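> Below you'll find query.txt; it's compact mmCIF, C-alpha atoms and all ligand atoms.
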# COMPACT_ATOMS: atom_id res chain seq x y z
CA MET A 11 -36.34 26.21 33.34
CA LYS A 12 -33.91 23.35 33.14
CA VAL A 13 -30.53 24.44 31.80
CA LEU A 14 -27.64 22.32 30.58
CA VAL A 15 -24.14 23.86 30.65
CA VAL A 16 -21.61 22.13 28.41
CA GLY A 17 -17.96 22.22 29.52
CA SER A 18 -15.71 21.55 32.51
CA GLY A 19 -13.68 24.67 33.16
CA GLY A 20 -13.78 27.82 35.26
CA ARG A 21 -15.85 29.58 32.62
CA GLU A 22 -18.57 26.96 32.94
CA HIS A 23 -18.49 27.05 36.75
CA SER A 24 -18.89 30.81 36.56
CA ILE A 25 -21.86 30.49 34.15
CA ILE A 26 -23.46 27.99 36.54
CA GLU A 27 -22.99 30.32 39.53
CA LYS A 28 -24.68 33.12 37.60
CA LEU A 29 -27.56 30.91 36.44
CA SER A 30 -28.10 29.71 39.99
CA LEU A 31 -29.10 33.27 40.99
CA SER A 32 -32.00 33.27 38.52
CA GLN A 33 -35.58 32.86 39.72
CA GLU A 34 -36.34 31.32 36.33
CA VAL A 35 -33.84 28.51 36.63
CA GLU A 36 -35.09 25.49 38.49
CA LYS A 37 -32.41 22.95 37.70
CA ILE A 38 -28.90 23.08 36.23
CA TYR A 39 -26.96 20.22 34.69
CA ALA A 40 -23.23 20.33 33.92
CA ALA A 41 -21.64 18.14 31.29
CA PRO A 42 -19.26 17.17 32.70
CA GLY A 43 -18.61 20.05 35.16
CA ASN A 44 -15.87 19.87 37.80
CA GLY A 45 -15.26 19.60 41.53
CA GLY A 46 -16.85 22.99 42.15
CA THR A 47 -20.02 22.70 40.09
CA GLN A 48 -21.71 20.01 42.23
CA ASP A 49 -23.08 22.59 44.67
CA LYS A 50 -25.34 24.22 42.14
CA ALA A 51 -25.60 21.68 39.31
CA VAL A 52 -26.05 17.98 38.68
CA CYS A 53 -22.83 16.81 37.06
CA LEU A 54 -23.22 14.36 34.21
CA ASP A 55 -20.82 11.73 33.04
CA ILE A 56 -20.92 13.07 29.48
CA GLY A 57 -17.93 14.81 27.89
CA ASP A 58 -18.31 18.22 26.28
CA ASP A 59 -17.53 16.74 22.85
CA GLN A 60 -20.07 13.87 23.01
CA ILE A 61 -22.69 15.63 20.93
CA ASP A 62 -24.97 12.61 20.35
CA GLU A 63 -25.06 11.79 24.07
CA LEU A 64 -25.64 15.43 25.03
CA LEU A 65 -28.51 15.69 22.56
CA ALA A 66 -30.07 12.46 23.78
CA PHE A 67 -29.85 13.71 27.37
CA ALA A 68 -31.37 17.09 26.50
CA VAL A 69 -34.27 15.48 24.67
CA GLU A 70 -34.93 12.93 27.40
CA HIS A 71 -34.78 15.46 30.25
CA GLN A 72 -36.64 18.19 28.38
CA ILE A 73 -33.87 20.73 28.78
CA ASP A 74 -35.16 24.25 28.09
CA TRP A 75 -31.81 25.85 27.29
CA THR A 76 -28.30 24.56 26.61
CA ILE A 77 -25.31 26.90 26.96
CA VAL A 78 -22.04 25.82 25.38
CA GLY A 79 -18.73 26.92 26.94
CA PRO A 80 -15.86 25.53 24.83
CA GLU A 81 -14.95 26.02 21.17
CA VAL A 82 -14.47 22.36 20.25
CA PRO A 83 -18.14 21.26 20.38
CA LEU A 84 -19.19 24.53 18.70
CA ASN A 85 -16.85 23.86 15.80
CA ALA A 86 -18.02 20.25 15.70
CA GLY A 87 -21.62 21.41 15.14
CA ILE A 88 -23.34 20.97 18.53
CA VAL A 89 -25.62 23.95 17.84
CA ASP A 90 -26.63 22.63 14.41
CA ALA A 91 -27.49 19.24 15.94
CA PHE A 92 -29.58 20.71 18.79
CA GLU A 93 -31.40 23.16 16.53
CA GLU A 94 -32.24 20.44 14.02
CA ALA A 95 -33.81 18.55 16.91
CA GLY A 96 -35.84 21.67 17.80
CA LEU A 97 -33.98 22.44 21.04
CA ASN A 98 -32.94 25.86 22.38
CA ILE A 99 -29.19 26.27 22.51
CA PHE A 100 -27.01 29.35 22.91
CA GLY A 101 -23.93 29.48 20.69
CA PRO A 102 -22.99 29.83 17.03
CA ARG A 103 -23.61 27.17 14.41
CA LYS A 104 -20.61 25.42 12.96
CA ASP A 105 -20.35 27.72 9.94
CA ALA A 106 -20.25 30.80 12.22
CA ALA A 107 -17.96 29.21 14.85
CA LEU A 108 -15.38 29.11 12.04
CA ILE A 109 -14.52 32.69 12.99
CA GLU A 110 -12.56 31.02 15.79
CA GLY A 111 -12.00 27.61 14.14
CA SER A 112 -9.96 28.92 11.23
CA LYS A 113 -7.55 31.85 11.53
CA ASP A 114 -7.36 31.95 7.73
CA PHE A 115 -11.13 32.34 7.50
CA ALA A 116 -11.10 35.01 10.25
CA LYS A 117 -8.32 36.98 8.56
CA SER A 118 -9.84 36.96 5.08
CA PHE A 119 -13.23 37.83 6.60
CA MET A 120 -11.68 40.83 8.40
CA GLU A 121 -9.94 41.92 5.22
CA LYS A 122 -13.18 41.74 3.24
CA TYR A 123 -15.15 43.77 5.80
CA ARG A 124 -12.28 46.19 6.57
CA ILE A 125 -12.05 45.20 10.23
CA PRO A 126 -8.70 46.45 11.55
CA THR A 127 -6.20 43.64 12.08
CA ALA A 128 -2.53 42.85 11.38
CA ALA A 129 -1.40 42.37 7.75
CA TYR A 130 -0.98 38.66 6.98
CA GLN A 131 -0.57 35.87 4.51
CA THR A 132 -1.59 32.20 4.65
CA PHE A 133 0.70 29.30 3.76
CA THR A 134 0.75 25.53 3.44
CA ASP A 135 4.27 25.44 2.02
CA ALA A 136 7.18 25.96 4.43
CA GLU A 137 9.57 27.41 1.85
CA GLN A 138 7.07 30.02 0.74
CA ALA A 139 6.30 30.93 4.36
CA LYS A 140 10.00 31.39 5.06
CA ALA A 141 10.51 33.54 1.97
CA TYR A 142 7.68 35.79 3.21
CA ILE A 143 9.22 35.97 6.70
CA GLU A 144 12.63 36.74 5.16
CA ASN A 145 11.00 39.63 3.38
CA GLN A 146 8.95 40.95 6.33
CA GLY A 147 11.58 40.59 9.04
CA ALA A 148 11.02 40.02 12.75
CA PRO A 149 9.33 40.26 15.20
CA ILE A 150 6.61 38.36 13.40
CA VAL A 151 3.74 36.11 14.47
CA ILE A 152 3.10 32.53 13.29
CA LYS A 153 -0.33 30.98 13.92
CA ALA A 154 -1.72 27.51 13.31
CA ASP A 155 -4.91 27.89 11.28
CA GLY A 156 -7.10 25.53 13.32
CA LEU A 157 -7.94 25.00 16.99
CA ALA A 158 -4.88 24.34 19.13
CA ALA A 159 -6.13 24.91 22.70
CA GLY A 160 -4.52 28.36 22.81
CA LYS A 161 -1.05 26.93 22.05
CA GLY A 162 -0.95 27.53 18.30
CA VAL A 163 0.54 31.04 18.35
CA VAL A 164 4.25 31.88 18.29
CA VAL A 165 5.40 35.47 18.64
CA ALA A 166 8.87 35.13 17.10
CA VAL A 167 11.44 37.74 18.12
CA ASP A 168 13.83 36.82 15.30
CA LYS A 169 13.72 35.00 11.96
CA GLN A 170 15.29 31.82 13.32
CA GLU A 171 12.51 31.44 15.86
CA ALA A 172 9.94 32.13 13.13
CA PHE A 173 11.49 29.52 10.79
CA ALA A 174 11.53 26.97 13.61
CA ALA A 175 7.81 27.59 14.27
CA VAL A 176 7.04 27.16 10.55
CA ASP A 177 8.93 23.85 10.53
CA ARG A 178 7.20 22.57 13.64
CA MET A 179 3.75 23.37 12.29
CA LEU A 180 4.08 22.58 8.57
CA LEU A 181 6.77 19.87 8.52
CA ASP A 182 6.62 18.17 11.95
CA ASN A 183 2.82 18.42 12.26
CA GLN A 184 3.03 19.68 15.85
CA PHE A 185 -0.68 20.51 15.82
CA GLY A 186 -1.76 17.83 13.34
CA ASN A 187 -4.34 19.03 10.88
CA ALA A 188 -4.86 22.30 12.80
CA GLY A 189 -1.32 23.33 11.83
CA SER A 190 -1.21 22.09 8.24
CA ARG A 191 -2.05 25.62 7.22
CA ILE A 192 -0.53 28.66 8.94
CA VAL A 193 -1.14 32.37 9.09
CA VAL A 194 1.96 34.58 9.24
CA GLU A 195 1.11 38.05 10.49
CA GLN A 196 2.61 41.38 11.35
CA PHE A 197 3.56 41.92 14.99
CA LEU A 198 1.36 44.54 16.64
CA GLU A 199 2.45 46.57 19.61
CA GLY A 200 0.16 47.82 22.33
CA LYS A 201 -1.87 46.81 25.35
CA GLU A 202 -4.33 43.97 24.97
CA PHE A 203 -7.92 43.75 26.12
CA SER A 204 -10.84 41.42 25.61
CA LEU A 205 -14.25 42.61 24.57
CA MET A 206 -17.10 40.12 24.60
CA ALA A 207 -20.63 40.70 23.35
CA PHE A 208 -23.94 38.91 23.23
CA VAL A 209 -24.67 38.71 19.51
CA ASP A 210 -27.59 37.53 17.44
CA GLY A 211 -27.49 38.30 13.74
CA GLU A 212 -26.79 42.02 13.43
CA ASN A 213 -27.60 42.79 17.06
CA VAL A 214 -24.59 43.36 19.30
CA TYR A 215 -24.73 43.90 23.08
CA PRO A 216 -21.22 44.47 24.46
CA MET A 217 -20.08 43.51 27.93
CA VAL A 218 -17.57 45.43 30.04
CA PRO A 219 -13.99 45.03 28.78
CA ALA A 220 -11.62 42.72 30.63
CA ARG A 221 -7.93 42.08 30.63
CA ASP A 222 -6.48 38.59 30.71
CA HIS A 223 -2.91 37.78 31.76
CA LYS A 224 -1.77 35.12 29.31
CA ARG A 225 1.86 34.55 30.34
CA ALA A 226 2.64 32.06 33.07
CA TYR A 227 4.84 34.18 35.34
CA ASP A 228 4.94 37.59 36.98
CA GLY A 229 5.79 40.60 34.82
CA ASP A 230 4.36 38.85 31.72
CA GLU A 231 7.27 36.44 31.54
CA GLY A 232 7.26 32.80 30.54
CA PRO A 233 5.15 30.75 28.15
CA ASN A 234 1.62 31.58 27.02
CA THR A 235 -1.13 29.83 28.97
CA GLY A 236 -4.90 29.66 28.80
CA GLY A 237 -4.87 32.70 31.13
CA MET A 238 -3.48 33.20 34.65
CA GLY A 239 -5.87 35.86 35.88
CA ALA A 240 -8.06 38.71 34.74
CA TYR A 241 -9.75 41.89 35.82
CA ALA A 242 -12.72 43.94 34.69
CA PRO A 243 -13.41 46.67 33.90
CA ILE A 244 -10.07 48.22 32.83
CA PRO A 245 -9.74 51.65 34.51
CA GLU A 246 -6.99 52.93 32.20
CA LEU A 247 -8.81 51.94 29.00
CA ARG A 248 -10.44 55.06 27.63
CA GLU A 249 -14.15 54.93 26.89
CA HIS A 250 -13.74 56.09 23.29
CA VAL A 251 -11.38 53.18 22.54
CA VAL A 252 -14.07 50.74 23.64
CA GLU A 253 -16.68 52.61 21.58
CA THR A 254 -14.37 52.49 18.56
CA ALA A 255 -13.91 48.75 19.05
CA VAL A 256 -17.67 48.21 19.15
CA ARG A 257 -18.28 50.42 16.11
CA ASN A 258 -15.33 49.34 13.91
CA ILE A 259 -14.95 45.73 15.00
CA LEU A 260 -17.88 44.02 16.73
CA VAL A 261 -20.70 45.60 14.74
CA PRO A 262 -19.10 45.12 11.29
CA ALA A 263 -18.18 41.55 12.27
CA ALA A 264 -21.79 40.72 13.17
CA LYS A 265 -23.08 42.38 9.99
CA GLY A 266 -20.40 40.73 7.87
CA MET A 267 -21.30 37.28 9.17
CA VAL A 268 -24.93 37.91 8.21
CA GLN A 269 -23.83 39.00 4.73
CA GLU A 270 -21.71 35.90 4.41
CA GLY A 271 -24.81 33.80 5.01
CA ARG A 272 -23.42 32.51 8.30
CA PRO A 273 -25.12 34.70 10.91
CA PHE A 274 -23.47 34.59 14.31
CA SER A 275 -25.48 33.86 17.42
CA GLY A 276 -23.88 33.51 20.84
CA ILE A 277 -20.91 35.18 22.47
CA LEU A 278 -18.53 36.93 20.11
CA TYR A 279 -15.20 37.53 21.80
CA ALA A 280 -12.73 39.98 20.28
CA GLY A 281 -9.14 39.74 21.51
CA LEU A 282 -7.91 43.27 20.83
CA ILE A 283 -4.76 45.31 20.97
CA GLU A 284 -4.75 49.08 21.40
CA THR A 285 -2.33 50.35 18.75
CA ASP A 286 -1.46 53.89 17.65
CA GLN A 287 -3.99 53.37 14.84
CA GLY A 288 -6.72 52.37 17.29
CA PRO A 289 -7.90 48.94 18.42
CA GLN A 290 -7.05 46.00 16.15
CA VAL A 291 -8.07 42.36 16.28
CA ILE A 292 -5.64 39.71 17.53
CA GLU A 293 -8.26 36.97 17.38
CA PHE A 294 -11.97 36.28 17.43
CA ASN A 295 -13.42 33.59 19.65
CA ALA A 296 -16.89 32.19 19.27
CA ARG A 297 -17.61 31.78 22.99
CA PHE A 298 -17.10 33.23 26.46
CA GLY A 299 -13.41 33.79 27.32
CA ASP A 300 -11.73 31.96 30.14
CA PRO A 301 -10.78 33.49 32.62
CA GLU A 302 -12.48 36.75 31.50
CA THR A 303 -15.95 35.32 32.15
CA GLN A 304 -15.09 34.69 35.79
CA VAL A 305 -14.57 38.43 36.37
CA VAL A 306 -17.17 39.82 33.94
CA LEU A 307 -20.26 37.80 34.89
CA PRO A 308 -20.11 38.84 38.58
CA LEU A 309 -20.53 42.46 37.39
CA LEU A 310 -23.58 41.70 35.25
CA GLN A 311 -26.69 42.81 37.08
CA ASN A 312 -29.15 41.11 34.72
CA ASP A 313 -30.44 37.59 34.96
CA LEU A 314 -28.22 35.65 32.52
CA ILE A 315 -30.91 33.32 31.22
CA GLN A 316 -33.22 36.28 30.63
CA VAL A 317 -30.47 38.01 28.65
CA ILE A 318 -30.07 34.93 26.48
CA VAL A 319 -33.82 34.57 25.92
CA ASP A 320 -34.10 38.28 25.01
CA VAL A 321 -31.11 38.26 22.67
CA LYS A 322 -32.42 35.19 20.83
CA LYS A 323 -35.82 36.89 20.45
CA GLY A 324 -34.23 39.98 18.91
CA LYS A 325 -35.02 42.05 22.00
CA ASP A 326 -32.50 44.42 23.66
CA PRO A 327 -31.56 42.75 26.98
CA GLN A 328 -30.77 46.17 28.55
CA LEU A 329 -27.49 45.02 30.05
CA ALA A 330 -26.64 46.70 33.35
CA TRP A 331 -23.26 46.59 35.06
CA GLU A 332 -22.38 47.00 38.69
CA GLU A 333 -20.05 49.91 39.47
CA ALA A 334 -17.33 47.77 40.98
CA TYR A 335 -14.06 46.07 40.12
CA CYS A 336 -13.64 42.37 39.83
CA ILE A 337 -10.28 40.66 39.79
CA GLY A 338 -9.46 36.97 39.64
CA THR A 339 -6.17 35.14 40.07
CA VAL A 340 -5.68 31.59 38.83
CA VAL A 341 -4.01 28.95 40.96
CA ALA A 342 -2.19 26.52 38.66
CA SER A 343 -0.36 23.24 39.08
CA LYS A 344 3.43 23.68 39.26
CA GLY A 345 4.77 22.94 35.76
CA TYR A 346 1.73 24.25 33.87
CA PRO A 347 1.50 24.95 30.91
CA GLY A 348 3.98 22.06 30.57
CA SER A 349 3.55 18.78 32.43
CA TYR A 350 2.40 18.72 36.06
CA GLU A 351 1.18 16.37 38.76
CA LYS A 352 -2.53 15.72 39.31
CA GLY A 353 -4.46 14.45 42.31
CA ILE A 354 -2.96 16.87 44.83
CA GLN A 355 -5.25 17.59 47.77
CA LEU A 356 -6.31 21.24 47.93
CA PRO A 357 -6.04 23.32 51.12
CA GLU A 358 -9.23 24.24 52.97
CA LEU A 359 -11.14 26.76 50.85
CA LYS A 360 -13.65 28.05 53.44
CA GLN A 361 -13.34 31.66 54.54
CA GLU A 362 -13.63 32.88 58.08
CA GLY A 363 -15.89 35.81 58.73
CA LYS A 364 -17.33 37.74 55.84
CA GLU A 365 -16.85 36.32 52.40
CA GLU A 366 -14.79 38.82 50.45
CA CYS A 367 -13.66 36.30 47.85
CA PHE A 368 -15.29 33.76 45.59
CA VAL A 369 -13.71 30.59 44.28
CA ILE A 370 -14.33 29.29 40.77
CA HIS A 371 -13.12 25.78 40.07
CA ALA A 372 -11.47 24.57 36.87
CA GLY A 373 -9.19 21.53 37.24
CA THR A 374 -10.62 20.09 40.45
CA LYS A 375 -12.26 16.80 41.26
CA LEU A 376 -14.13 15.61 44.32
CA ASP A 377 -12.67 12.49 45.88
CA GLY A 378 -15.18 11.64 48.60
CA ALA A 379 -15.23 14.81 50.70
CA ARG A 380 -11.78 15.92 49.51
CA LEU A 381 -11.01 18.20 46.62
CA ARG A 382 -8.05 17.26 44.47
CA SER A 383 -6.38 18.92 41.51
CA SER A 384 -7.12 17.41 38.12
CA GLY A 385 -5.78 19.96 35.64
CA GLY A 386 -3.24 22.70 34.89
CA ARG A 387 -5.43 25.59 35.90
CA VAL A 388 -6.92 24.43 39.19
CA LEU A 389 -9.15 27.29 40.30
CA LEU A 390 -9.56 31.05 40.31
CA VAL A 391 -9.90 33.20 43.40
CA GLY A 392 -11.86 36.35 42.70
CA SER A 393 -13.13 39.38 44.54
CA LYS A 394 -15.54 42.12 43.56
CA GLN A 395 -15.33 45.42 45.41
CA ARG A 396 -15.82 49.16 44.98
CA GLU A 397 -12.09 49.78 44.90
CA GLN A 398 -9.74 47.78 42.75
CA HIS A 399 -6.97 47.72 45.37
CA LEU A 400 -9.36 46.30 47.96
CA ALA A 401 -10.35 43.50 45.62
CA GLN A 402 -6.70 42.79 44.97
CA SER A 403 -5.69 42.70 48.62
CA SER A 404 -8.60 40.39 49.46
CA VAL A 405 -7.62 37.97 46.70
CA TYR A 406 -3.95 37.95 47.67
CA LYS A 407 -4.72 37.50 51.35
CA TYR A 408 -6.92 34.53 50.55
CA LEU A 409 -4.24 33.02 48.29
CA GLU A 410 -1.72 32.81 51.14
CA ARG A 411 -3.16 29.40 51.97
CA PHE A 412 -1.57 28.08 48.77
CA ASP A 413 1.91 29.36 49.64
CA ARG A 414 2.65 26.38 51.86
CA ASP A 415 2.20 23.86 49.05
CA GLU A 416 4.92 23.58 46.42
CA HIS A 417 2.51 21.86 44.03
CA PHE A 418 0.74 25.09 43.19
CA PHE A 419 1.68 28.55 41.93
CA TYR A 420 -0.07 31.78 41.04
CA ARG A 421 0.89 35.15 39.63
CA LYS A 422 1.42 37.86 42.23
CA ASP A 423 0.73 40.78 39.88
CA ILE A 424 -2.79 40.31 38.53
CA GLY A 425 -4.37 43.70 38.01
CA PHE A 426 -1.40 45.67 39.32
P1 LIG B 1 -4.06 34.24 20.50
O1 LIG B 1 -4.03 32.79 20.91
O2 LIG B 1 -4.38 34.45 19.06
O3 LIG B 1 -4.85 35.09 21.45
O4 LIG B 1 -2.56 34.76 20.65
C1 LIG B 1 -1.89 34.58 21.87
C2 LIG B 1 -1.12 35.82 22.21
O5 LIG B 1 -0.11 36.07 21.22
C3 LIG B 1 -1.95 37.08 22.21
O6 LIG B 1 -2.60 37.29 23.42
C4 LIG B 1 -0.90 38.14 21.97
O7 LIG B 1 -0.21 38.47 23.16
C5 LIG B 1 0.07 37.46 21.05
N1 LIG B 1 -0.23 37.83 19.66
C6 LIG B 1 -1.02 37.19 18.77
N2 LIG B 1 -1.05 37.84 17.59
C7 LIG B 1 -0.25 38.92 17.72
C8 LIG B 1 0.15 39.99 16.85
N3 LIG B 1 -0.26 40.07 15.58
N4 LIG B 1 0.98 40.93 17.34
C9 LIG B 1 1.43 40.86 18.61
N5 LIG B 1 1.12 39.88 19.48
C10 LIG B 1 0.29 38.92 19.05
N1 LIG B 2 -8.75 34.13 27.67
C1 LIG B 2 -8.56 33.81 26.30
C2 LIG B 2 -9.53 32.87 25.74
O1 LIG B 2 -10.53 32.54 26.34
O2 LIG B 2 -9.30 32.41 24.63
What's the structure tokens form of this structure?


Amino acid sequence: MKVLVVGSGGREHSIIEKLSLSQEVEKIYAAPGNGGTQDKAVCLDIGDDQIDELLAFAVEHQIDWTIVGPEVPLNAGIVDAFEEAGLNIFGPRKDAALIEGSKDFAKSFMEKYRIPTAAYQTFTDAEQAKAYIENQGAPIVIKADGLAAGKGVVVAVDKQEAFAAVDRMLLDNQFGNAGSRIVVEQFLEGKEFSLMAFVDGENVYPMVPARDHKRAYDGDEGPNTGGMGAYAPIPELREHVVETAVRNILVPAAKGMVQEGRPFSGILYAGLIETDQGPQVIEFNARFGDPETQVVLPLLQNDLIQVIVDVKKGKDPQLAWEEAYCIGTVVASKGYPGSYEKGIQLPELKQEGKEECFVIHAGTKLDGARLRSSGGRVLLVGSKQREQHLAQSSVYKYLERFDRDEHFFYRKDIGF
């Protein structure tokens, strides 16, 4: 098979690494990929949002399967376009991707199908939003309705902070159209985890749970980022909590989407919080999580393309998971998630002796034979081992090579 992977981040590099292990996969293309995907894939000069160009390429090169990483092309209708042209593509159509593309849609959908989530209300008027906040009190959470690259959520500790977020989104158009409507929701307390599943219509095949570390600095301090590291599975997460999440959240969501006439096909990602009342939904995503994918896919024992083919045929893919722990720590550019320098040469990434770690690229670019940084999250160093502490110590030993360069930073507490 010839497979096209759409996207340029660590998630896509991780998908490509997994596909490269398949006997069925003969050639992989990445659009556009990054500095780490060249080994296993042909990188194309086509952006992940250039749907017409991607479709033309897939038709011309007789691509057997296309796998879409990011939310933007999904919400722009890449799956609809490929399917209309008779091509195989894995991901939700535009009307189903809305479960991530509109928080207002996701919240009213959850309300309708009694999927546990925080109480909320939606506003387009700043004064009305503030009156609601005045009434509810703080802490309280303000969310831009549309896609905002993970930056559209403010957890306000007091009313002033909440009012300021309302003003930025509704009056100053901080997120443009994506923030012209906001969801104001109750603050939930508990530990977060991410649960992804392969979904097609009413069929749901859950993966192992993972935990992302969203804050920039150690001890969960600092601004929210796209994710600074992750681990899977989560030893302290009790099995029955995961089962409850599948039964009360993922399965009703898949069934509800079918009932709504917008069946979901692809990866359904539930961002969850374990509250005293059981797991509740923080957000749904319509795709693989980043960086969760980088620590979950290494544990998957099945052939990824076979899983996708089976799921799309309505057949149980019989997912099997390795009994091991995988942790991954992100190396980011100093300044991220704010502004940062690009083009910094990376240290040597080769390992001496046995390879205990793997490296997944995100914001890297090849410049001749040199690798340079090209984004906020530069790469992820991961390790999969029988014991969690061994995986951690391997990752942190490897990361020492970044300590000499003040252009990079990483969290020292991933998985601890
Ligand atoms: P999101 O982009 O929706 O995943 O939100 C980013 C982060 O904000 C989440 O990972 C949570 O830590 C936090 N968050 C979002 N919604 C809530 C909520 N209702 N209660 C508490 N924390 C929240
Ligand atoms: N790791 C969070 C996300 O992919 O949205």

> For the interface of segment 37-58 of chain A with segment 368-376 of chain A (cut-off 7 Å, counting all atoms listed in the file), please tabulate each contacting residue of segment 37-58 of chain A alongside its nearest pair of atoms and their separation in Å to one decimal, rows sorted by chain and increasing number, as a tab-separated table.


residue	atom	partner	partner_atom	distance
A:Asn44	CA	A:Lys375	CA	5.9
A:Gly45	CA	A:Lys375	CA	4.1
A:Gly46	CA	A:His371	CA	5.1

> Save out the residues we just selected, C-alpha atoms, as an mmCIF file, keeping the file's coordinate frame.


data_model
loop_
_atom_site.group_PDB
_atom_site.id
_atom_site.type_symbol
_atom_site.label_atom_id
_atom_site.label_comp_id
_atom_site.auth_asym_id
_atom_site.auth_seq_id
_atom_site.Cartn_x
_atom_site.Cartn_y
_atom_site.Cartn_z
ATOM 1 C CA ASN A 44 -15.870 19.870 37.800
ATOM 2 C CA GLY A 45 -15.260 19.600 41.530
ATOM 3 C CA GLY A 46 -16.850 22.990 42.150
#

> Record the distance separating atom CA of Gly237 of chain A and atom CA of Ser384 of chain A, expressed in Å with one decimal.

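Computing it gives 17.0 Å between the two atoms.
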
> Neighbours of ligand LIG 1 (chain B) within 7 Å, counting only C-alpha atoms and all ligand atoms, as a PyMOL selection string?

chain A and resi 128+151+160-165+195-199+224+234+281+292-293

> Return as a list of chain:residue names every polymer residue, whether protein, DNA or RNA, with at least one atom no more than 9 Å from an atom of ligand LIG 2 (chain B); count all atoms listed in the file.

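Counting only what the definition allows, namely all atoms listed in the file, the set is A:Arg21, A:Pro80, A:Ala159, A:Gly160, A:Ser204, A:Arg221, A:Asp222, A:His223, A:Lys224, A:Thr235, A:Gly236, A:Gly237, A:Met238, A:Gly239, A:Ala240, A:Tyr279, A:Gly281, A:Glu293, A:Phe294, A:Asn295, A:Arg297, A:Phe298, A:Gly299, A:Asp300, A:Pro301, A:Glu302, A:Thr303.
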
> Would you mind telling me which residue in A:His417, A:Lys113, A:Lys104, A:Arg272 lies nearest to Val194 of chain A when using all atoms listed in the file?

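The answer is A:Lys113, which sits nearest to Val194 of chain A.
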
> In Å, how far is it from atom CA of Ala334 of chain A to atom CA of Gln395 of chain A?

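Distance reported for this atom pair: 5.4 Å.
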
> Quote the spacing between atom CA of Tyr241 of chain A and atom CA of Tyr39 of chain A in Å to one decimal place.

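Interatomic distance here is 27.7 Å.
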
> Give me segment 410-424 of chain A with N, CA and C atoms filled in, as a tab-separated table (two decimals), keeping the file's coordinate frame.


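Saved result, result.tsv, follows:
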chain	number	residue	atom	x	y	z
A	410	GLU	N	-2.84	33.22	50.28
A	410	GLU	CA	-1.72	32.81	51.14
A	410	GLU	C	-1.80	31.34	51.53
A	411	ARG	N	-3.03	30.81	51.59
A	411	ARG	CA	-3.16	29.40	51.97
A	411	ARG	C	-2.51	28.45	50.97
A	412	PHE	N	-2.23	28.93	49.75
A	412	PHE	CA	-1.57	28.08	48.77
A	412	PHE	C	-0.04	28.18	48.83
A	413	ASP	N	0.47	29.13	49.62
A	413	ASP	CA	1.91	29.36	49.64
A	413	ASP	C	2.67	28.21	50.30
A	414	ARG	N	1.97	27.46	51.14
A	414	ARG	CA	2.65	26.38	51.86
A	414	ARG	C	2.83	25.14	51.01
A	415	ASP	N	2.17	25.09	49.84
A	415	ASP	CA	2.20	23.86	49.05
A	415	ASP	C	2.96	24.07	47.75
A	416	GLU	N	4.08	23.34	47.61
A	416	GLU	CA	4.92	23.58	46.42
A	416	GLU	C	4.31	23.01	45.13
A	417	HIS	N	3.15	22.39	45.24
A	417	HIS	CA	2.51	21.86	44.03
A	417	HIS	C	1.76	22.92	43.23
A	418	PHE	N	1.55	24.07	43.85
A	418	PHE	CA	0.74	25.09	43.19
A	418	PHE	C	1.52	26.39	43.02
A	419	PHE	N	1.12	27.19	42.04
A	419	PHE	CA	1.68	28.55	41.93
A	419	PHE	C	0.62	29.48	41.37
A	420	TYR	N	0.83	30.76	41.60
A	420	TYR	CA	-0.07	31.78	41.04
A	420	TYR	C	0.71	33.06	40.80
A	421	ARG	N	0.22	33.89	39.88
A	421	ARG	CA	0.89	35.15	39.63
A	421	ARG	C	0.56	36.16	40.72
A	422	LYS	N	1.59	36.92	41.12
A	422	LYS	CA	1.42	37.86	42.23
A	422	LYS	C	1.04	39.26	41.74
A	423	ASP	N	0.88	39.41	40.42
A	423	ASP	CA	0.73	40.78	39.88
A	423	ASP	C	-0.55	40.96	39.07
A	424	ILE	N	-1.56	40.17	39.32
A	424	ILE	CA	-2.79	40.31	38.53
A	424	ILE	C	-3.47	41.64	38.86
